[in-house]
Every structure is written in C-alpha cells, then in structure tokens.
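Colleague: Take a look at the following structure, please.
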Amino acid sequence: MKRIYLDYAATTPVHPDVAAEMQPYFSEKFGNPSSIHSFGQEAKAAVERAREQVAGLIAAQPEEIVFTSGGTEANNFAVQGIALANEDRGNHIIVSKIEHHAVLEPARFLENHGFKVTFLPVDNDGLVHPEDVQKAITDKTILVSIMHANNEIGTIEPIEEISKITKEKGVYFHTDAVQTVGSIPVDVNKLGVDLLSTSAHKLYGPKGVGALYIRKGTRLEPFIRGGGQERHRRASTENVAGIVGFGKACELAKNELQSRIDHLIPLRDKLIKGIKDNIQDVVLNGHPSIRLPKNVDITVKYVEGESMLLNLDIEGIAVSTGSACSSGALEPSHVLMATGISPELAHGSIRFTLGRLTTDEDIDRVLEVYPKIVEKLRKMSPLVKK
Amino acid sequence: MKRIYLDYAATTPVHPDVAAEMQPYFSEKFGNPSSIHSFGQEAKAAVERAREQVAGLIAAQPEEIVFTSGGTEANNFAVQGIALANEDRGNHIIVSKIEHHAVLEPARFLENHGFKVTFLPVDNDGLVHPEDVQKAITDKTILVSIMHANNEIGTIEPIEEISKITKEKGVYFHTDAVQTVGSIPVDVNKLGVDLLSTSAHKLYGPKGVGALYIRKGTRLEPFIRGGGQERHRRASTENVAGIVGFGKACELAKNELQSRIDHLIPLRDKLIKGIKDNIQDVVLNGHPSIRLPKNVDITVKYVEGESMLLNLDIEGIAVSTGSACSSGALEPSHVLMATGISPELAHGSIRFTLGRLTTDEDIDRVLEVYPKIVEKLRKMSPLVKK
Amino acid sequence: MAAPYSKKVMDHFMHPRNVGEMENPDGIGKVGNPVCGDIMEMYIKVKDNVIVDAKFKTFGCGAAIATSSMATELIKGKTIEEALKLTNKAVAEALDGLPPVKMHCSVLAEDAFKGAVDDYLKKKTGVGLQGWRPHEEDHEH
Amino acid sequence: MAAPYSKKVMDHFMHPRNVGEMENPDGIGKVGNPVCGDIMEMYIKVKDNVIVDAKFKTFGCGAAIATSSMATELIKGKTIEEALKLTNKAVAEALDGLPPVKMHCSVLAEDAFKGAVDDYLKKKTGVGLQGWRPHEEDHEH
Ligand SMILES: Cc1ncc(COP(=O)(O)O)c(C=O)c1O
Ligand SMILES: Cc1ncc(COP(=O)(O)O)c(C=O)c1O
C-alpha cells in the first residue's frame, strides 16, 4: 500500500537537494563558525550564504535575518524581545485569538508579568478585521502580532492593511509566517512588518531551524543569551548543517514558488469539491478563497476527528485534526472556536494539507476511502438517530 | 598538507555512525512526533529511543531529559526556569566567575530584573572552593550553578562536594556539563545535581541539539513556550534527526568512554611536556592534574594568542585562543583573569583540545612547528628586549 | 506502526463489538458532553439479574470507541453485581492499557454502563444505583 | 581559506616588513596597552625632513602586526608633512580592509607613527606635534 502523506502543514520531508547540500556539514566541514581557523571560517561562510538565501526568499537584507531553533523560538523571541526592549514605551500588546500557541503562550506569560494583552477576535472565516486592530491600539501599545496565515484553517490574514495602521501608530508589527514562507509570496516590505517568523521544516528544510526577520532599527532584546553569535542577537553554536539546509530550501522555494502554487490549487479545489459532493453535512473551515493553496480543513458533523484520522491512517493516509483528542487537551481547537462554530462541530474537524509530492491519484484515493469511513463512524454515532 | 584539528572543545565532527543513524530522518521518516498517524508515531518512537540513550550516558531516567537546541538554551532554561518558578522562595543565585557566557549572561539578565547574583571566585588552578559556596548561600538562595569542567582551562570542579552543601541547604544545583558529557564519566546521581546541561556537538553529535537533565520533582518554568512538546517543558517541533544523532552519539560515548580517555591522556601529557621542553616562558593554565583529558591550555609569554593561532592555521593546525581578539571583545578571557593571571599574559593564551581522531603524529607535528612560530613572533614583540 | 494505541485498542476501535441501538432496552446510560468531544450511550438488556445483551453508540476518539466496545463485552453475561465491580481501570487493562491522556475515556465507559444499570434499577425498583453519580467532566484530568 | 582577513593582511602578517628595533632612531612612538592585548613600538629615521627608514615591534593580533607593517611601508620615503596626512583608514584600505572589530588596530598604527613624529619634533624643536594626542584606548569600540 502506498502511504499518502497529507499533513504538510505539520511538517514536510526534507527535499533531496536540501539533504545533499547539508551532508558535508556533519563530518567534513564541521567547524564552529566562531572559530578563526580555516575549519571555522568555512562553516561561517556557509552560514552567511544561507543567510542570503533566506533573506532572498522574503526580500529582506541578510543582516536582518537571525537564525533560531524553529518557528516557536522565533515567536518567543519576537514577542518577549519586543516587550523587554520597549517596556519604557508601554506594556500593551495585541495578538489575535487564532495565533499559534507559540505566540499565545509567550503573550500569556507576559500577561502574568505586568503586561496587558488584547486577544483580538476573528470573523467566521477566520479573518482579523483591521478596524479591530485600529481600535485596540492605545498609547501603551508596543506590539501587534498577527499571523500571516493560520496553520489550521488556512485563512490568510490582511497583513498589508494592518501594517498601514501599525506604521501610522508607530507600533511594532510581528507576523508568524511559518505557514506562508515557501507556500505563497512573502515580501517583508510589501507586508510592511517589522518582525517575521519562519521555520525550515515547513518548506522542505530540516526540523530544528528557523529564523526571525528583524527590520533594521527594531529595538529588540535577545532571547537566548550567552556568546556573541548572530551579531549578539542569539547565542549558541550555530546549527550549521541545519542552517545550510534552510538556506537551500529557501533558494528552491524561491525558484519553484509559482509552480508549487499552480500544482496545489487544483488539487486542493478538487479535494474540497469531492468531499462536499460525496459526504453530507460537511463544512469547509476558514475562508473559501483567501486561503493557503495547501489547506483543506473541514468539519464533518456527528463524527469526532481523531476517529476519522485513525481510520485514514489504517488506509495509509496521514492527516491531522484540530480536535481535542489529538493534542491531549480536552478543549476543542481554539482556532475553530474563535471562528464561532460549536464545540461539538469543532471536535469533528479534519485537516488535509497537500504538498510537493501530492498527486491527483492521491486525491482520488482519499475520495474513494474517506466517505466510507465517515459512513462507518456515523453508524456508531449517537448524534445520528435512525 | 594534512589538516590537523585540535579544537575539539569548540566543536567535533559528527561521528560517521551518528551521521548514518540520522540519515533516514530527513526525507523518509520525516514525520512530526506530535502527529498521531504512522509518520508521526515513527518519529516519536525515534525521539524516545534517543531520550533513553542520552539518559543512559548520564545515569538519568528518560523522563528527566528535555531536548533543547544546544548547551546555551539548556543553560538559559535552567537558570531562568529555576528563577521564575522559585521566586516565592528567594531571589538569590550563585554562579562561578568562570562559567560559560551561556550561564553568566542569563545570570546578569536576572540581576537586572530584581535578582541578586553572587559571582564566586576560583583559585589559581581555576577551582571553585566548596567552602565559598557554603558561605555564599543565604536563606534567599534558590540556585547554585557551577560548571562541571571549564571549556577554556579544562579544570574539573568539585561538583560532588558542592552538591553535599546544596542538598543540605535545600538549594537547587545546576551544572553546565557541556564539556564533560562524553569526555569523562558523568553520573547525575553521583554528582548529586538537580539540573545538568549538555550539547551534542561536543561529543561527535550534530550542532543545534542539546539537553537539560531535570531531576524529578524540580520546580522549573519552561523557557520556550508554545505547543505541548517534551511533556509541556519545551515547545517546538522536535529536531528529530538531530535528536536521533544525539542519542546515537551518547550510546557511542558510553561504550567508548574509557578507551577515549585512555587515548587522550598520553597525547595530552606528551603535548604539555613537549611544549614546556621546547618553548621557554610558558605556563600551563588550569589545574595540573584535575583537568579534562582533551585539554591543553597554555600561556606563552610576550606573544599574543591570535597571532599564534593564525600562524598555526597557515600550517594546517586548528586551535583556539581565549584571547580578546578572537571574540571581537578587547577584554582578555574572563576565565584566565579569574585565575589571577595578568591581562598581558591572558592575551598570550592558546588552547589545544584533542579528540577521537588525534594521532601521535599530529602531536609531533605541532611540536615541530609551534616552537618556530613562537620564536618568530617573539622576535617581533616589543615585550622581548635584546 | 499506527497510532499511540495498543493493538487491542486498535482492534476494538476498528472492529467495535456491540455497536448500535437496542429495541426496548432495560436500561440506558448516556454520558459525556460534546464540548469535551465524547458522547457515549449504552443500552443493556437484563434477564434474571444477568446482563444478557449490551450495545453502544459513541461519538469520540479511538479510545472512546474502544472502551465502549470493551465495556459492553466485559459486562455481557455477568450478573448486575458482578458487572458493577467493573472499574474503568479494568476496562483499560483489558485493552492492554491506554495512554494517560486517554484514561478519561475509560471513566466515561464505566459511567455509561453504570448509568444504564442505574436506569434499569430505577425502572425496576423505583430506586437507582445507590450512592452513584457519574464523574464530573473535568477539564484538567 | 584562512582567517577572517584579506590576503593583503595575511601577507603583511606572515611576512611583515620592517620588523625590528632601530639603532639610534630619530623618533620613537610607543602605544597600546597590555590589558587590551596590543602594544606597538615604531621607530623612524629622518633626513632632510624625509622619513628614510621606519621599523616596528608589535605584540598583538594579526591585524595589529599587519597594520604596523603596512604603516611603516607607507611612511617610508615620505616627507613628514606628507606622512602626517596618513590616516588609519588609509592604512586599512592599503590592506584591502579590516574586519570592523579590528579597525582599532589601524588606529593604533596611526598613533604609533604619529607618536614617533611627535617624539622626533620634540627632540628637534622642543615642541611636539601640534594638537596631537594618542587616541584613548576605548573598550567599547
Ligand atoms: C503558524 C505556526 N507557528 C509556529 C509554529 C511552530 O514552529 P516550530 O515547530 O518550528 O517551532 C508552527 C508549526 O508548528 C506553525 O504552524
Ligand atoms: C561549557 C560550555 N557551556 C555551554 C556551551 C554552549 O553550548 P552550545 O554551543 O551548544 O550552545 C559551550 C560551548 O559552546 C561550553 O563549552
């Protein structure tokens, strides 16, 4: 049985070219970039090349890129780093209710340490309304953090419009672009953000490496403290192989971006249509059109998400669910709840995310298998009455 | 010309077996360990196996190991995590003056945020005196952090004796064991520590992964916040390939520990003797015998460190220096200064650190080349008068 | 390899025993709460104090379905008294264990069954299962 | 590949020009400070207002040695006035640049040379180089 991976928003396989590029940096070109000798300088040159590649994908300057251990650290760094460095200007920050936990948790942490946090609502499609940002800003506001696209429902937020407001008000603006970099065009200047988080493993790079874009002139405290690496912004011996891989992944993404999008959109739309045509009582979560090319997030009434996921897994199809069961928490997805659907429906959500290796046949197979699974589970469901 | 790497304390080449073990986790077994489907569970199993391997090397329980992005994050996590979680008990922490910056900087950060920090002195050999720890502890003390062995001068600290004191006083004890794990025996119970930092790239594992050992029952706040990974102690998608490599590196280190030590000590002692016999006015830094098997740190009078390093590099020999120039700071090494030597001498230090691939011929080569370099530089030195 | 569950759990999840509604059950237990993502209904038929049949319908995760299935299997053929000795731990053990975060599903299964007995006793004697109340849904466990 | 330095720097570092002390120099400049890890001594010989010879001894990093060497090269053959126009930037440029953290070495070289001129003028005229003081060693730059 061919295994079909449809969980590209959770993580992606490392692109073979990326793996090949990383290879020499484990056992041969293994120097520490801080070392002055030739082993060190060789590693340092590789890191700087990667910095250019990452910057190139998002139209930043290389000096504006700081490598981190992933998207989560980049988000922690941005939120805490701005808060600490700008306490003298104010103690209010604004985030949306549908941010990733990697933004929400640092925000809650700050809330417990003297900061005020506004958690902005979204509409039924998962969109943040720029007017809400405008209204929420006070003269104590130092940071707005709104994600570029949501990882669960795939809705793309109006970052450009929000940045007009933050610029006018002189407030720093961070966006978590972990789901968009490599998936759709990302240009830090067009977006108008001051800080932007990204993570290599979402774009066919390795896990455990990411970056924070920091616009020149931004007042930011370091998050990980120690040696003078990354121009004193992030201590620790650089993950050279990982960074090299991230760089290569960004270079590939830049070259292939349009073809990736062109490949995914028809498959995505076919899957959405196929599910709607073949299964009754399903709802597409997120915005119908302002959504990531890879994302199909649906709610299937009367059936719980994990039970669908497990049945699909038995059929060799790997998907995800925002349902409580998968995370070990009992609460349903905070993202779906924020879009206003009932907890019961939120528990019945399932996410298919498509990628480079997804084929038309894969979608056919899902459409063959999935309706039967739903039917079987609905037969067991007390919410369906004869 | 064969390049001779003698900077194993800065970083090590990934062991070929480690690289081989990591390989499948980039493009094949690429799942996200948080995913419930088979790709995810496969990755999760690999992470848990690695956790056992890391725990096995330091005689810990697997649940006591939290993976991090390296030694620096582990140190930040330990120091800040204890401080935040135990503020109700006190606001005083104790560290030595010769800690790595990855401990000193978080300590200074806390100092700027309401904590009191005692920086303990060391003697001329770089040893912390347990009595000094005893005296420094007050009823406000919540944490003592003393490194297991110093990265620059190689002195091994009396951790077991210090832990008797911290246990008696009911104070948490953290040790930065980045330089010792895989180099000398490390047993968390014999050492009697509550927290211990380690980093894979110092023991033939990959860069960008490390771990914090956290003794069961220790009150500690997370450092990187977000998703529920690592039992809610460290958020972010796990660096699966890196963790697998770290695990394998620990397994190898456990099996080979004694043979590695037996290989290094004669080479180290030959190099020390050879330098003393062939160059006048040199001083061995650190303790003459209570030192890491890999470490030869010396001060060469009248000559500056970087100029020696560059000359050795031209000869294909890679070494390090604690001298100011290498770090971009103008101050001489804080470690050497703490041992009481003059700034002038501190600037003339050079560190050879040996490892798995170091041969007797490598040492011969150094002993052939190095005295000539010192002679040449001394001819240029205004500190040497005819 | 699939799922963080034992083979037994996966077997009962994929091939649940005793699924369905029951015509004229002697007792019905309904537990759970859509907010928490689990709803179980259990039906029993009792003859001469023996549970001669049990059925269930469940909306919930893999563990919720498997524990429902296992619980019905375990009580079938037992007297009411024997069956009442059954705890959630016994259900979990019969499934070769559950992940810690899923133990609440076995509690639900116990509650569903006991709710059915309670209903049966109420109908028969006018008095329900003594001293029994379903567990509170606790968001922390 | 070696070191974070240009080829020119490495050439002057590995093969420094004009190393050594000078017998009976007309001017000596001594700058730097062991705490900071750089000490430079520069010696000049002057004939008819022209620097006919220059030598140096330096304790310091690669950049310190290379800038000393380059500075002596640049001033040799120049008149005092021409030579005094030489700035630290010119020394750095002649070496195809220095890493930012090493620019202070070129400042030291300028100071060492100007110190030697100052010494020469004092000896000759009783008055030193007008308005000149060596740069403060600044731990921040
Ligand atoms: C939107 C978003 N932000 C942040 C993260 C965290 O990234 P990482 O797993 O690299 O820490 C993820 C994915 O896990 C994500 O989807
Ligand atoms: C003693 C010590 N602690 C901490 C570190 C930091 O480890 P890492 O580079 O993995 O962050 C190092 C090495 O760089 C070290 O030698």
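Residues are referred to by chain and number: the chain letter is A, B, ... according to the order shown in the structure tokens, the number counts from 1 in that chain, and ligands are numbered separately from 1 in the order shown.
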Give me, as a PyMOL selection string, all polymer residues having an atom no more than 6 Å from Cys105 in chain D, counting only C-alpha atoms and skipping those fewer than 3 positions away in the same chain.
Modeller: chain D and resi 64+102+108
Colleague: Starting from chain D, keep only residues with some atom at most 10 Å from an atom of chain B, counting only C-alpha atoms, and report them as a PyMOL selection string.
Modeller: chain D and resi 1-4+10+13-14+16+18-21+30+33-42+56-65+99-102+104+137-141
Colleague: Could you please take those selected residues and save C-alpha atoms as a tab-separated table (two decimals), in the first residue's frame?
Modeller:
```tsv
chain	number	residue	atom	x	y	z
D	1	MET	CA	40.73	29.61	3.07
D	2	ALA	CA	42.16	31.03	6.23
D	3	ALA	CA	41.22	33.62	8.79
D	4	PRO	CA	38.72	36.42	8.59
D	10	MET	CA	47.67	37.84	5.79
D	13	PHE	CA	51.06	39.39	8.91
D	14	MET	CA	53.04	36.40	7.73
D	16	PRO	CA	55.88	41.70	7.99
D	18	ASN	CA	60.45	46.46	8.63
D	19	VAL	CA	60.34	44.37	11.78
D	20	GLY	CA	62.85	45.10	14.46
D	21	GLU	CA	64.42	47.75	16.61
D	30	LYS	CA	55.02	53.62	21.82
D	33	ASN	CA	48.31	48.64	26.49
D	34	PRO	CA	48.80	45.04	27.52
D	35	VAL	CA	45.32	44.93	29.05
D	36	CYS	CA	43.92	45.38	25.58
D	37	GLY	CA	46.32	42.95	24.01
D	38	ASP	CA	48.13	45.32	21.66
D	39	ILE	CA	51.47	47.07	22.07
D	40	MET	CA	53.22	48.79	19.21
D	41	GLU	CA	56.58	50.49	19.05
D	42	MET	CA	57.55	52.41	15.94
D	56	PHE	CA	58.39	48.42	14.36
D	57	LYS	CA	57.87	45.82	17.05
D	58	THR	CA	54.36	44.71	17.84
D	59	PHE	CA	52.67	42.46	20.38
D	60	GLY	CA	49.18	41.85	19.09
D	61	CYS	CA	46.79	40.07	16.84
D	62	GLY	CA	47.05	39.52	13.11
D	63	ALA	CA	45.62	42.92	12.31
D	64	ALA	CA	47.95	44.68	14.74
D	65	ILE	CA	51.00	43.18	13.12
D	99	PRO	CA	37.05	43.40	9.91
D	100	PRO	CA	35.09	46.05	11.86
D	101	VAL	CA	36.22	44.73	15.26
D	102	LYS	CA	39.82	45.16	14.13
D	104	HIS	CA	41.15	49.85	16.31
D	137	GLU	CA	42.04	53.08	24.47
D	138	ASP	CA	38.34	52.61	24.35
D	139	HIS	CA	36.96	49.29	25.48
D	140	GLU	CA	33.73	49.85	23.66
D	141	HIS	CA	34.89	50.36	20.10
```
Colleague: With DSSP run on the backbone, what are the alpha helix (DSSP H) residues within range 59-177 of chain A? I'd like them as number ranges by chain.
Modeller: A: 71-85, 101-111, 130-136, 159-169
Colleague: Collect all residues with atoms no farther than 8 Å from ligand 2, counting only C-alpha atoms and all ligand atoms, and output them as a PyMOL selection string.
Modeller: (chain A and resi 226-227+235-238) or (chain B and resi 9-11+69-75+99-103+147+149-152+176-179+197-202+207-210)
Colleague: Which residues, written as a list in words, have at least one atom at most 6 Å from range 77-92 of chain C, with only C-alpha atoms counted and residues fewer than 3 positions away on the same chain left out?
Modeller: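 Once the nearby chain positions are removed, what remains is Asn49, Val50, Ile51, Val52, Leu95, Gly97, Leu98, Ser106, Val107 and Glu110 of chain C.
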Colleague: If you count only C-alpha atoms, which residues fall within 7 Å of Asp194 in chain B, apart from same-chain ones fewer than 6 positions away, as a list in words?
Modeller: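 Close residues of Asp194 in chain B: Tyr172, Phe173, His174, Ile214 and Arg215 of chain B.
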Colleague: Include C-alpha atoms and write out the residues we just selected as a compact mmCIF listing (two decimals), in the first residue's frame.
Modeller:
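Written file, part.txt:
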```
# COMPACT_ATOMS: atom_id res chain seq x y z
CA TYR B 172 18.82 23.67 43.58
CA PHE B 173 22.13 22.84 41.93
CA HIS B 174 22.75 23.14 38.21
CA ILE B 214 15.89 17.91 35.20
CA ARG B 215 15.73 15.77 38.31
```
Colleague: Out of range 190-316 of chain A, which residues get strand (DSSP E) from DSSP, as a PyMOL selection string?
Modeller: chain A and resi 195-199+210-214+282-284+295-300
Colleague: Identify, on the basis of only C-alpha atoms, every residue whose closest approach to Val14 in chain B does not exceed 10 Å; exclude the query and any residue fewer than 2 positions from it along the same chain; express the result as a ChimeraX atom specification.
Modeller: /A:25-30 /B:11-12,16-20,200-207,245-246,249
Colleague: To one decimal in Å, tell me the separation between CA of Gly29 in chain D and CA of Ile44 in chain D.
Modeller: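 Separation of CA of Gly29 in chain D and CA of Ile44 in chain D: 8.7 Å.
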Colleague: Using only C-alpha atoms, determine which residues lie at most 8 Å from Ile298 in chain A, disregarding the query and same-chain residues fewer than 2 positions distant; provide the list as an MDAnalysis selection string.
Modeller: chainID A and resid 282:285 296 300 349:351
Colleague: Would you mind exporting all heavy atoms of the selected residues as an mmCIF file, in the first residue's frame?
Modeller:
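Saved file selection.cif follows:
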```cif
data_model
loop_
_atom_site.group_PDB
_atom_site.id
_atom_site.type_symbol
_atom_site.label_atom_id
_atom_site.label_comp_id
_atom_site.auth_asym_id
_atom_site.auth_seq_id
_atom_site.Cartn_x
_atom_site.Cartn_y
_atom_site.Cartn_z
ATOM 1 N N VAL A 282 -21.025 18.430 5.624
ATOM 2 C CA VAL A 282 -19.646 18.847 5.885
ATOM 3 C C VAL A 282 -19.554 20.355 5.681
ATOM 4 O O VAL A 282 -20.319 20.941 4.903
ATOM 5 C CB VAL A 282 -18.606 18.160 4.971
ATOM 6 C CG1 VAL A 282 -18.537 16.665 5.233
ATOM 7 C CG2 VAL A 282 -18.884 18.453 3.508
ATOM 8 N N VAL A 283 -18.631 20.965 6.384
ATOM 9 C CA VAL A 283 -18.449 22.414 6.304
ATOM 10 C C VAL A 283 -16.972 22.677 6.060
ATOM 11 O O VAL A 283 -16.121 22.066 6.712
ATOM 12 C CB VAL A 283 -18.838 23.083 7.646
ATOM 13 C CG1 VAL A 283 -18.696 24.588 7.551
ATOM 14 C CG2 VAL A 283 -20.242 22.682 8.073
ATOM 15 N N LEU A 284 -16.659 23.556 5.110
ATOM 16 C CA LEU A 284 -15.261 23.956 4.914
ATOM 17 C C LEU A 284 -14.924 25.031 5.940
ATOM 18 O O LEU A 284 -15.604 26.057 6.011
ATOM 19 C CB LEU A 284 -15.045 24.505 3.497
ATOM 20 C CG LEU A 284 -13.623 24.985 3.179
ATOM 21 C CD1 LEU A 284 -12.645 23.817 3.095
ATOM 22 C CD2 LEU A 284 -13.584 25.804 1.888
ATOM 23 N N ASN A 285 -13.908 24.781 6.742
ATOM 24 C CA ASN A 285 -13.487 25.793 7.712
ATOM 25 C C ASN A 285 -12.529 26.787 7.075
ATOM 26 O O ASN A 285 -11.798 26.445 6.150
ATOM 27 C CB ASN A 285 -12.810 25.136 8.908
ATOM 28 C CG ASN A 285 -13.751 24.207 9.648
ATOM 29 O OD1 ASN A 285 -14.902 24.555 9.909
ATOM 30 N ND2 ASN A 285 -13.260 23.017 9.976
ATOM 31 N N VAL A 296 -6.931 22.158 3.225
ATOM 32 C CA VAL A 296 -8.346 21.759 3.172
ATOM 33 C C VAL A 296 -8.747 21.371 4.586
ATOM 34 O O VAL A 296 -8.380 20.308 5.074
ATOM 35 C CB VAL A 296 -8.552 20.543 2.234
ATOM 36 C CG1 VAL A 296 -10.014 20.084 2.259
ATOM 37 C CG2 VAL A 296 -8.107 20.879 0.813
ATOM 38 N N VAL A 300 -16.820 17.595 9.799
ATOM 39 C CA VAL A 300 -17.762 16.553 9.412
ATOM 40 C C VAL A 300 -18.704 16.375 10.595
ATOM 41 O O VAL A 300 -18.270 15.988 11.680
ATOM 42 C CB VAL A 300 -17.000 15.244 9.112
ATOM 43 C CG1 VAL A 300 -17.984 14.134 8.749
ATOM 44 C CG2 VAL A 300 -16.001 15.472 7.993
ATOM 45 N N SER A 349 -13.432 18.114 13.286
ATOM 46 C CA SER A 349 -12.673 18.723 12.198
ATOM 47 C C SER A 349 -11.518 17.843 11.768
ATOM 48 O O SER A 349 -10.977 17.061 12.555
ATOM 49 C CB SER A 349 -12.133 20.080 12.633
ATOM 50 O OG SER A 349 -10.984 19.902 13.412
ATOM 51 N N ILE A 350 -11.162 17.980 10.532
ATOM 52 C CA ILE A 350 -10.051 17.210 9.997
ATOM 53 C C ILE A 350 -9.341 18.061 8.953
ATOM 54 O O ILE A 350 -9.971 18.832 8.236
ATOM 55 C CB ILE A 350 -10.555 15.859 9.452
ATOM 56 C CG1 ILE A 350 -9.410 14.923 9.206
ATOM 57 C CG2 ILE A 350 -11.433 16.037 8.218
ATOM 58 C CD1 ILE A 350 -9.771 13.503 9.541
ATOM 59 N N ARG A 351 -8.004 17.966 8.973
ATOM 60 C CA ARG A 351 -7.220 18.838 8.092
ATOM 61 C C ARG A 351 -6.386 18.013 7.127
ATOM 62 O O ARG A 351 -5.565 17.200 7.558
ATOM 63 C CB ARG A 351 -6.303 19.713 8.935
ATOM 64 C CG ARG A 351 -5.484 20.706 8.115
ATOM 65 C CD ARG A 351 -4.480 21.465 8.978
ATOM 66 N NE ARG A 351 -3.378 20.608 9.388
ATOM 67 C CZ ARG A 351 -2.382 20.996 10.177
ATOM 68 N NH1 ARG A 351 -2.359 22.233 10.664
ATOM 69 N NH2 ARG A 351 -1.421 20.155 10.510
#
```
Colleague: Name the closest residue to ligand 1 among the candidates B:Ile184, B:Ile159, B:Ala107, B:Ile224; distances are taken between atoms, counting only C-alpha atoms and all ligand atoms.
Modeller: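 The closest residue to ligand 1 is B:Ile224.
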Colleague: One decimal, Å: what's the distance from CA of Ser183 in chain A over to CA of Val47 in chain B, could you say?
Modeller: 28.0 Å
Colleague: Rounded to one decimal, what separation in Å do you get between CA of Leu104 in chain B and CA of Pro185 in chain B?
Modeller: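 CA of Leu104 in chain B sits 25.1 Å away from CA of Pro185 in chain B.
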Colleague: Excluding same-chain residues fewer than 2 positions from Phe113 in chain D, what lies within 8 Å of it counting only C-alpha atoms, as an MDAnalysis selection string?
Modeller: chainID D and resid 29 42:43 71:72 109:111 115:117
Colleague: When you count only C-alpha atoms and all ligand atoms, which of these residues is closest to ligand 1: A:Thr155, A:Ser38, A:Ser259, A:Thr358?
Modeller: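 The closest residue to ligand 1 is A:Thr155.
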